[in-house]
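Dropping model-v1.cif in here (mmCIF, C-alpha atoms):
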```cif
data_model
#
loop_
_atom_site.label_atom_id
_atom_site.label_comp_id
_atom_site.auth_asym_id
_atom_site.auth_seq_id
_atom_site.Cartn_x
_atom_site.Cartn_y
_atom_site.Cartn_z
CA MET L 27 0.00 0.00 0.00
CA ASN L 28 2.98 2.30 0.68
CA ARG L 29 4.13 1.67 -2.85
CA TRP L 30 0.71 2.70 -4.20
CA CYS L 31 0.80 5.92 -2.13
CA ALA L 32 4.27 6.78 -3.45
CA THR L 33 3.08 6.20 -7.02
CA LEU L 34 0.00 8.36 -6.51
CA CYS L 35 2.15 11.19 -5.14
CA ARG L 36 4.39 11.05 -8.21
CA GLY L 37 1.32 11.11 -10.45
CA LEU L 38 -0.07 14.15 -8.65
CA PHE L 39 3.31 15.90 -8.97
CA PHE L 40 3.35 15.45 -12.74
CA SER L 41 -0.33 16.48 -12.87
CA ALA L 42 0.43 19.75 -11.08
CA ILE L 43 3.14 20.58 -13.61
CA PHE L 44 0.87 19.91 -16.60
CA PHE L 45 -2.06 21.68 -14.92
CA SER L 46 -0.02 24.88 -14.51
CA ALA L 47 1.19 24.75 -18.12
CA ALA L 48 -2.32 24.14 -19.41
CA ALA L 49 -3.73 27.02 -17.40
CA LEU L 50 -1.18 29.34 -18.98
CA CYS L 51 -2.30 28.20 -22.43
CA GLY L 52 -5.79 29.53 -21.73
CA GLN L 53 -4.63 33.04 -20.88
CA ASP L 54 -4.41 35.74 -23.51
CA GLY L 55 -3.04 38.31 -21.06
CA GLY L 56 -5.45 41.20 -21.56
CA GLY L 57 -9.01 42.51 -21.63
CA THR L 58 -11.55 42.71 -24.45
CA LEU L 59 -13.43 45.76 -25.73
CA SER L 60 -16.42 45.56 -28.05
CA GLY L 61 -19.33 47.69 -29.16
CA THR L 62 -21.57 48.80 -32.01
CA VAL L 63 -21.24 51.81 -34.34
CA THR L 64 -24.56 53.34 -35.43
CA ASP L 65 -25.80 56.56 -36.94
CA SER L 66 -28.16 58.99 -35.21
CA PHE L 67 -31.16 56.95 -36.45
CA GLY L 68 -29.91 53.71 -34.86
CA ASN L 69 -28.81 52.10 -38.13
CA ALA L 70 -25.71 49.89 -37.93
CA LEU L 71 -22.69 51.19 -39.86
CA PRO L 72 -20.48 48.51 -41.47
CA ASN L 73 -16.83 48.89 -42.57
CA ILE L 74 -16.09 51.70 -40.08
CA THR L 75 -12.55 51.81 -38.69
CA VAL L 76 -12.65 52.09 -34.89
CA SER L 77 -9.55 53.39 -33.08
CA VAL L 78 -8.87 52.34 -29.46
CA LYS L 79 -6.20 54.55 -27.82
CA ASN L 80 -4.50 53.81 -24.50
CA VAL L 81 -4.60 57.09 -22.55
CA ALA L 82 -1.48 56.30 -20.53
CA THR L 83 0.83 55.00 -23.28
CA GLY L 84 -0.67 56.56 -26.39
CA GLN L 85 -0.65 53.19 -28.17
CA THR L 86 -3.52 52.64 -30.60
CA ALA L 87 -5.31 49.50 -31.77
CA GLU L 88 -7.81 49.43 -34.63
CA ALA L 89 -10.72 47.22 -35.68
CA GLN L 90 -13.31 47.36 -38.45
CA THR L 91 -17.06 46.95 -37.94
CA ASP L 92 -18.82 44.00 -39.56
CA VAL L 93 -22.17 44.02 -41.41
CA ALA L 94 -23.99 44.45 -38.07
CA GLY L 95 -21.84 47.47 -37.15
CA HIS L 96 -20.09 45.49 -34.44
CA TYR L 97 -16.37 45.55 -33.59
CA THR L 98 -14.16 43.71 -31.11
CA VAL L 99 -10.59 44.42 -29.91
CA SER L 100 -8.92 41.73 -27.76
CA ASN L 101 -5.71 41.43 -25.72
CA LEU L 102 -5.80 45.01 -24.44
CA PRO L 103 -3.67 45.86 -21.37
CA VAL L 104 -5.66 46.98 -18.36
CA GLY L 105 -6.17 50.76 -18.28
CA ASP L 106 -8.17 53.74 -19.56
CA TYR L 107 -8.95 54.04 -23.29
CA GLU L 108 -10.52 56.47 -25.74
CA VAL L 109 -12.65 54.92 -28.48
CA SER L 110 -13.30 56.89 -31.67
CA ALA L 111 -13.90 56.58 -35.41
CA PRO L 112 -11.47 59.18 -36.83
CA ASP L 113 -11.96 58.22 -40.50
CA ALA L 114 -15.76 58.50 -40.43
CA GLY L 115 -17.49 61.30 -42.34
CA SER L 116 -18.81 62.91 -39.15
CA PRO L 117 -16.84 61.38 -36.27
CA ALA L 118 -18.32 61.48 -32.78
CA ALA L 119 -16.48 62.59 -29.65
CA PRO L 120 -14.21 59.87 -28.23
CA VAL L 121 -15.87 57.52 -25.73
CA LYS L 122 -13.83 56.89 -22.58
CA VAL L 123 -13.86 53.37 -21.10
CA THR L 124 -11.77 51.45 -18.56
CA VAL L 125 -10.62 47.96 -19.61
CA THR L 126 -10.21 45.35 -16.89
CA SER L 127 -8.72 41.86 -17.00
CA THR L 128 -12.09 40.17 -16.44
CA GLY L 129 -15.07 40.23 -18.77
CA THR L 130 -15.72 42.30 -21.90
CA GLN L 131 -16.18 46.07 -21.73
CA THR L 132 -18.66 47.77 -24.06
CA ALA L 133 -18.19 51.11 -25.83
CA ASN L 134 -20.81 52.10 -28.46
CA LEU L 135 -20.34 54.97 -30.93
CA THR L 136 -23.04 57.09 -32.53
CA LEU L 137 -21.99 58.96 -35.67
CA GLN L 138 -23.81 61.93 -37.14
CA PRO L 139 -24.74 61.66 -40.83
CA ALA L 140 -22.40 63.52 -43.15
CA THR L 141 -23.67 66.79 -44.65
CA PRO L 142 -24.66 66.09 -48.27
CA GLN L 143 -22.65 67.99 -50.89
CA PRO L 144 -24.51 69.88 -53.64
CA SER L 145 -24.45 68.00 -56.90
CA ALA L 146 -23.89 69.53 -60.33
CA PRO L 147 -26.68 69.61 -62.93
CA PRO L 148 -27.06 66.32 -64.80
CA ALA L 149 -26.33 68.04 -68.13
CA SER L 150 -22.75 68.86 -67.06
CA LEU L 151 -22.01 65.23 -66.14
CA PRO L 152 -23.19 63.11 -69.09
CA ASP L 153 -21.12 60.09 -67.99
CA ALA L 154 -22.06 60.15 -64.30
CA PRO L 155 -23.54 56.85 -62.98
CA SER L 156 -27.23 56.74 -62.24
CA SER L 157 -28.58 56.66 -58.67
CA ALA L 158 -29.50 52.98 -59.10
CA GLN L 159 -25.92 52.14 -60.11
CA ALA L 160 -24.54 54.13 -57.16
CA GLY L 161 -26.88 52.34 -54.76
CA SER L 162 -25.74 48.97 -56.16
CA SER L 163 -22.09 49.91 -55.65
CA SER L 164 -22.78 51.06 -52.09
CA GLY L 165 -24.61 47.80 -51.36
CA GLN L 166 -21.64 45.76 -52.55
CA SER L 167 -19.32 47.69 -50.22
CA ALA L 168 -21.65 47.23 -47.25
CA SER L 169 -21.87 43.47 -47.83
CA ALA L 170 -18.14 42.87 -47.42
CA PRO L 171 -17.52 39.74 -45.30
CA SER L 172 -16.66 40.23 -41.63
CA ALA L 173 -13.51 38.90 -40.00
CA GLY L 174 -15.30 36.64 -37.46
CA PRO L 175 -18.66 35.01 -36.67
CA SER L 176 -21.66 37.25 -36.21
CA LEU L 177 -25.23 36.91 -34.95
CA GLU L 178 -26.41 36.67 -38.57
CA ASP L 179 -24.35 33.48 -38.92
CA LEU L 180 -26.50 31.95 -36.17
CA GLY L 181 -29.77 32.79 -37.94
CA PHE L 182 -30.64 36.14 -36.31
CA SER L 183 -32.22 38.69 -38.66
CA LYS L 184 -30.77 42.17 -39.08
CA ALA L 185 -33.74 43.58 -37.16
CA ASP L 186 -32.90 41.33 -34.19
CA GLN L 187 -29.28 42.49 -34.29
CA GLN L 188 -29.94 46.23 -33.96
CA GLY L 189 -28.53 47.49 -30.64
CA ASP L 190 -27.85 43.93 -29.37
CA ALA L 191 -24.15 44.33 -28.60
CA LYS L 192 -24.53 42.18 -25.48
CA GLN L 193 -25.51 39.13 -27.55
CA GLN L 194 -22.55 39.69 -29.88
CA ALA L 195 -20.22 39.98 -26.88
CA LEU L 196 -21.51 36.64 -25.58
CA LEU L 197 -20.91 35.09 -28.99
CA ASP L 198 -17.34 36.43 -29.03
CA LYS L 199 -16.69 35.04 -25.55
CA ARG L 200 -18.16 31.65 -26.48
CA THR L 201 -16.01 31.50 -29.63
CA HIS L 202 -12.91 32.36 -27.60
CA MET L 203 -13.55 29.70 -24.94
CA LEU L 204 -14.35 27.00 -27.50
CA LYS L 205 -11.09 27.75 -29.31
CA ILE L 206 -9.23 27.15 -26.04
CA HIS L 207 -11.34 24.00 -25.55
CA GLN L 208 -10.15 22.73 -28.92
CA ARG L 209 -6.50 23.56 -28.20
CA MET L 210 -6.64 21.82 -24.83
CA GLY L 211 -8.22 18.78 -26.50
CA LEU L 212 -5.24 18.54 -28.85
CA ILE L 213 -2.82 18.88 -25.92
CA THR L 214 -4.67 16.15 -24.00
CA THR L 215 -4.13 13.67 -26.83
CA ILE L 216 -0.35 13.63 -26.12
CA PRO L 217 -0.45 12.04 -22.65
CA LEU L 218 -3.55 10.04 -23.68
CA ILE L 219 -1.69 8.29 -26.51
CA ALA L 220 1.38 7.82 -24.31
CA SER L 221 -0.80 6.30 -21.58
CA VAL L 222 -2.33 3.83 -24.03
CA ILE L 223 1.11 2.85 -25.35
CA THR L 224 2.59 2.28 -21.87
CA SER L 225 -0.44 0.16 -20.88
CA PHE L 226 0.85 -2.71 -23.01
CA GLY L 227 3.96 -2.94 -20.82
CA ALA L 228 2.21 -2.44 -17.48
CA GLY L 229 -0.02 -5.51 -17.29
CA GLY L 230 2.35 -8.47 -17.16
CA HIS L 231 3.11 -10.34 -13.93
CA ASP L 232 6.85 -9.70 -14.31
CA THR L 233 6.47 -6.09 -15.40
CA SER L 234 8.73 -3.71 -13.51
CA THR L 235 7.24 -1.33 -10.98
CA ALA L 236 8.66 1.62 -12.94
CA SER L 237 6.58 0.71 -16.02
CA ARG L 238 3.38 0.64 -13.99
CA ASP L 239 4.32 3.87 -12.22
CA LEU L 240 4.86 5.63 -15.56
CA HIS L 241 1.51 4.40 -16.84
CA VAL L 242 -0.25 5.69 -13.70
CA ALA L 243 1.48 9.08 -13.94
CA LEU L 244 0.51 9.51 -17.60
CA GLY L 245 -3.06 8.51 -16.78
CA SER L 246 -3.22 11.12 -14.01
CA VAL L 247 -1.93 13.85 -16.34
CA THR L 248 -4.46 12.83 -19.00
CA GLY L 249 -7.32 13.06 -16.49
CA ASP L 250 -6.28 16.51 -15.30
CA LEU L 251 -5.92 17.93 -18.81
CA TYR L 252 -9.23 16.38 -19.81
CA GLY L 253 -10.89 18.14 -16.87
CA ILE L 254 -9.53 21.51 -18.02
CA THR L 255 -10.67 20.82 -21.59
CA ALA L 256 -14.19 19.96 -20.46
CA TRP L 257 -14.36 23.05 -18.21
CA TYR L 258 -13.95 25.46 -21.14
CA ALA L 259 -16.72 23.71 -23.08
CA ILE L 260 -19.13 23.60 -20.13
CA ARG L 261 -18.51 27.21 -19.04
CA ALA L 262 -18.78 28.71 -22.54
CA PRO L 263 -21.90 30.98 -22.53
CA ARG L 264 -24.96 29.78 -24.43
CA ILE L 265 -26.60 31.95 -27.12
CA LYS L 266 -30.36 32.12 -26.66
CA GLY L 267 -32.41 31.62 -29.80
CA ALA L 268 -29.60 29.94 -31.74
CA PRO L 269 -30.73 27.18 -34.18
CA PRO L 270 -30.27 23.52 -33.12
CA LYS L 271 -26.83 22.02 -33.73
CA ARG L 272 -26.33 19.62 -36.61
CA GLY L 273 -23.61 17.60 -38.30
CA PRO L 274 -20.11 17.43 -36.79
CA ILE L 275 -20.96 19.57 -33.73
CA ARG L 276 -23.86 17.31 -32.80
CA PHE L 277 -21.67 14.22 -33.26
CA HIS L 278 -18.91 15.88 -31.19
CA GLU L 279 -21.30 16.43 -28.28
CA ALA L 280 -22.72 12.90 -28.59
CA MET L 281 -19.22 11.43 -28.22
CA ALA L 282 -18.82 13.40 -24.97
CA TRP L 283 -21.48 11.15 -23.39
CA ILE L 284 -19.09 8.23 -24.04
CA HIS L 285 -15.63 9.59 -23.29
CA GLY L 286 -16.86 11.74 -20.36
CA PRO L 287 -17.98 8.83 -18.13
CA GLY L 288 -15.08 6.79 -19.49
CA MET L 289 -12.55 9.34 -18.25
CA ILE L 290 -14.04 8.98 -14.75
CA LEU L 291 -14.35 5.19 -14.76
CA THR L 292 -10.95 4.39 -16.32
CA PRO L 293 -8.73 5.70 -13.46
CA ILE L 294 -10.97 4.04 -10.85
CA LEU L 295 -10.65 0.64 -12.52
CA GLY L 296 -6.94 1.31 -13.08
CA ALA L 297 -6.36 1.96 -9.38
CA ILE L 298 -7.99 -1.37 -8.50
CA ALA L 299 -5.94 -3.22 -11.13
CA PHE L 300 -2.74 -1.51 -9.97
CA ASP L 301 -3.35 -2.58 -6.38
CA GLN L 302 -3.95 -6.18 -7.47
CA LYS L 303 -0.77 -6.23 -9.56
CA SER L 304 1.28 -4.68 -6.76
CA ASN L 305 0.13 -7.50 -4.47
CA GLY L 306 1.31 -10.07 -6.99
CA GLU L 307 -2.23 -11.04 -7.98
CA LYS L 308 -3.69 -11.47 -11.44
CA VAL L 309 -6.09 -8.73 -12.44
CA HIS L 310 -9.58 -10.03 -11.79
CA GLY L 311 -13.15 -8.94 -11.17
CA ILE L 312 -14.30 -5.49 -12.25
CA ALA L 313 -10.67 -4.37 -12.61
CA SER L 314 -10.35 -6.56 -15.71
CA ALA L 315 -12.58 -4.05 -17.56
CA HIS L 316 -9.93 -1.32 -17.17
CA GLY L 317 -8.32 -2.02 -20.54
CA PRO L 318 -11.51 -2.24 -22.67
CA VAL L 319 -13.01 0.85 -21.01
CA ALA L 320 -9.80 2.81 -21.64
CA ILE L 321 -9.74 1.79 -25.32
CA VAL L 322 -13.40 2.79 -25.86
CA THR L 323 -12.82 6.10 -24.05
CA ALA L 324 -9.74 6.94 -26.12
CA GLY L 325 -11.58 6.02 -29.34
CA ALA L 326 -14.58 8.21 -28.52
CA PHE L 327 -12.30 11.11 -27.56
CA GLY L 328 -10.37 10.78 -30.82
CA ALA L 329 -13.57 10.62 -32.90
CA ALA L 330 -14.92 13.74 -31.16
CA LEU L 331 -11.67 15.58 -31.82
CA ILE L 332 -11.51 14.61 -35.50
CA SER L 333 -15.16 15.57 -36.11
CA VAL L 334 -14.46 19.25 -35.43
CA SER L 335 -10.87 19.42 -36.67
CA PHE L 336 -11.41 18.42 -40.30
CA LYS L 337 -14.02 19.31 -42.89
CA PHE L 338 -15.66 16.42 -44.75
#
```
Write-out of the structure in structure tokens:
Amino acid sequence: MNRWCATLCRGLFFSAIFFSAAALCGQDGGGTLSGTVTDSFGNALPNITVSVKNVATGQTAEAQTDVAGHYTVSNLPVGDYEVSAPDAGSPAAPVKVTVTSTGTQTANLTLQPATPQPSAPPASLPDAPSSAQAGSSSGQSASAPSAGPSLEDLGFSKADQQGDAKQQALLDKRTHMLKIHQRMGLITTIPLIASVITSFGAGGHDTSTASRDLHVALGSVTGDLYGITAWYAIRAPRIKGAPPKRGPIRFHEAMAWIHGPGMILTPILGAIAFDQKSNGEKVHGIASAHGPVAIVTAGAFGAALISVSFKF
């Protein structure tokens, strides 16, 4: 039993190291600022360059609004900022906002419509484009694709999007957390594969204690990283009114009902099998299911990872 306690302590030591490294992977080191740019009538303004200036350092970051008039600037150091649209026809006064390290701060801009310029008589411009052609050209410019996902991608109409910067901020946060979830899933596959490989040399009667200890340590690291991976998926905010999930995402979530319980059951069965082997006994009873359960769990985890990593 003392040998089992020593092995468990070594496993927890390696787990703490990997846990700290994984936690650092999920940090982007700054705050997030988002908002919506509209005109005085409440209409969203796409393709507007928004400037975010740090009051203390004078450094400036820029972002462009999407078709819903929304912008997002991430990885901002904590401090006071001035938000403006200097290139707009009638720029508004800068909006002052304080960015913190937690959550997403909101800064909306309202621009005044530009003063129309007098046009020359049609007779003096025989080759000028018609108003219909000008409207078509303006429509093409306004329909330029945005840099990231928007509420319209989830099935919300433009009318539903007006003034709903909070929903867009939730979508941005969900996208960010699910990206970390995917990265952590890829990291978890490293000790998972190593744990499966070392299992073939940890089950024999004459197997050295070091081989079994290594297998236990890798299994502990895999369990810890899996817990972090699952946390980012569970804690990602939900978007109300979004259409039901289909295809790879639905399959990905279905596989979680297999590898989730498997990740809990596998180390329990492994601990029983380890104790039996350490006492010189042959693995028997419920502990004999440790291997099959681990294989099914690893297969379901791999299938879930592949379903959202490649396009078919």
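Residues matching the PyMOL selection byres ((chain L and resi 330) around 9) in this structure come to Pro274, Ile275, Phe277, His278, Glu279, Ala280, Met281, Ala282, His285, Gly325, Ala326, Phe327, Gly328, Ala329, Leu331, Ile332, Ser333, Val334 and Ser335 of chain L.
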Discussion item. If the PyMOL selection byres ((chain L and resi 86-98) around 6) were run on this exact file, what residues would it hold? Put them as a PyMOL selection string.
Written reply: chain L and resi 59-63+70-79+85+99+172
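Taking atom CA of L:Pro120 as the reference point, atom CA of L:Gln193 is found at 23.6 Å.
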- [ ] Counting all atoms listed in the file, select every polymer residue within 10 Å of (-6.1, -2.6, -8.8) as defined in the file's coordinates, and provide the selection as a list in words.
- [x]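 I get Trp30, Pro293, Ile294, Leu295, Gly296, Ala297, Ile298, Ala299, Phe300, Asp301, Gln302, Lys303, Ser304, Asn305, Glu307, Lys308, Val309, His310, Gly311, Ile312, Ala313, Ser314 and His316 of chain L for the residues within 10 Å of that point.
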Can you tell me how far atom CA of L:Ile206 sits from atom CA of L:Ile254, in Å to one decimal?
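Between atom CA of L:Ile206 and atom CA of L:Ile254 the gap is 9.8 Å.
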Discussion item. One decimal, in Å: what's the spacing between atom CA of L:Met203 and atom CA of L:Val109?
Written reply: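 About the pair atom CA of L:Met203 and atom CA of L:Val109: they are 25.5 Å apart.
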Requested in this report: Take the PyMOL selection byres ((chain L and resi 225) around 10), apply it to the structure above, and return the hits as a ChimeraX atom specification.
Outcome: /L:219-224,226-230,237-238,240-242,244-245,317,320
Counting all atoms listed in the file, closest pick from L:Val322, L:Ala191, L:Thr136, L:Val104 relative to L:Val123 is L:Val104
Report the centre and edge lengths, in Å to one decimal, of an axis-aligned box enclosing every atom of stretch 281-290 of chain L listed in the file, padded by 5 Å on each side, as JSON.
```
{"center_x": -17.0, "center_y": 10.1, "center_z": -21.5, "size_x": 18.9, "size_y": 16.6, "size_z": 23.5}
```
L:Lys266 proximity check over L:Ala82, L:Leu196, L:Val121, L:Ile284, using only C-alpha atoms: winner is L:Leu196
From L:Thr292, L:Thr214, L:Gln208, L:Asn80, residue lying nearest L:Val319 [all atoms listed in the file]:
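Counting all atoms listed in the file, the residue closest to L:Val319 is L:Thr292.
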